[in-house]
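Participant: To start, I am sharing the structure in question, which I have written as structure tokens.
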Amino acid sequence: MGDFPDPRMMQEKLAGTDFSKFKKIDPKKMATLESMLSLDIPRLLELIPTEQANAMDAELTQVGSSASPFAVMKVGGATESTVYQSAWLVPPDPAECLEEFEALDIKKTGKITGAQAKDKMVKSKLPSNVLHKIWSLADVDKDGALTLYEYTLACHFIKMRLEGQDLPASLPPHMATPPDTTG
């Protein structure tokens with residue numbers, strides 16, 4: 001019978017229903033609904049191609065050539081949430097997280113375990129799937145533990161998400177190694 005429920009099952013489910021308590025159908029409202037479905041909606045659907053063509057031809061005179069947090073010319077795939085992403089996709093400075101990392105690295109091994117990092121990362125209140133993505137980006141050598149730089153990457157990506165920026169699909173190659181701070 002396709003996608004329709006078995007009529008006997010429906011009869012059983014509805015057997016105890018008192019249909020006399022249902023409100024009467026308002027013929028005027030039904031006529032309005034019928035008119036809307038058969039006339040108004042088809043007319044609106046006919047307007048869509050014209051509106052799309054007009055929108056493409058429209059000049060945006062109020063929008064400048066540079067992006068703002070409120071309007072972005074949709075050029076090169078940039079959106080309001082990704083236009084400033086390039087400013088975030090720079091190697092972070094490990095010195096920013098050194099004190100915090102050293103407090104977690106109680107055995108002074110130069111790495112913290114996943115459990116130690118997790119305790120700190122969940123404090124961001126980001127959803128688990130986002131934290132998983134951040135972990136995947138930050139654990140550069142995929143050993144299940146974080147070095148100071150990898151921990152700094154995790155903190156950097158947490159801040160990035162908290163600022164409303166989209167995370168990169170994969171770690172940009174220029175972020176895979178710490179910046180040279182020997183100058």
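Lettering and numbering for the structure tokens are positional, with chains as A, B, ... in the shown order, residues counted from 1 in each chain, and ligands counted from 1 in the shown order.
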Near region 114-118 of chain A, within 10 Å and counting only C-alpha atoms, which residues show up once chain neighbours fewer than 2 positions away are dropped, as a list in words?

Facilitator: Phe101, Leu104, Asp105, Ile106, Lys111, Ile112, Lys120, Met121, Val122, Lys123, Leu131, His132, Trp135, Asp139, Asp143, Gly144, Ala145, Leu146, Tyr151, Ala154 and Cys155 of chain A

Participant: For Asp180 (chain A), find every residue with an atom within 12 Å (counting only C-alpha atoms), except residues of its own chain fewer than 5 positions away, and show them as a PyMOL selection string.

Facilitator: chain A and resi 91-95+149+174-175

Participant: If you measure from CA of Thr17 (chain A) to CA of Phe4 (chain A), what distance in Å do you get, rounded to one decimal?

Facilitator: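 Computed distance, CA of Thr17 (chain A) to CA of Phe4 (chain A), equals 20.4 Å.
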
Participant: One decimal, in Å: what's the spacing between CA of Ile158 (chain A) and CA of Glu96 (chain A)?

Facilitator: 13.8 Å

Participant: Just to confirm, what's the straight-line distance from CA of Gln165 (chain A) to CA of Ala138 (chain A) in Å (one decimal)?

Facilitator: 16.3 Å
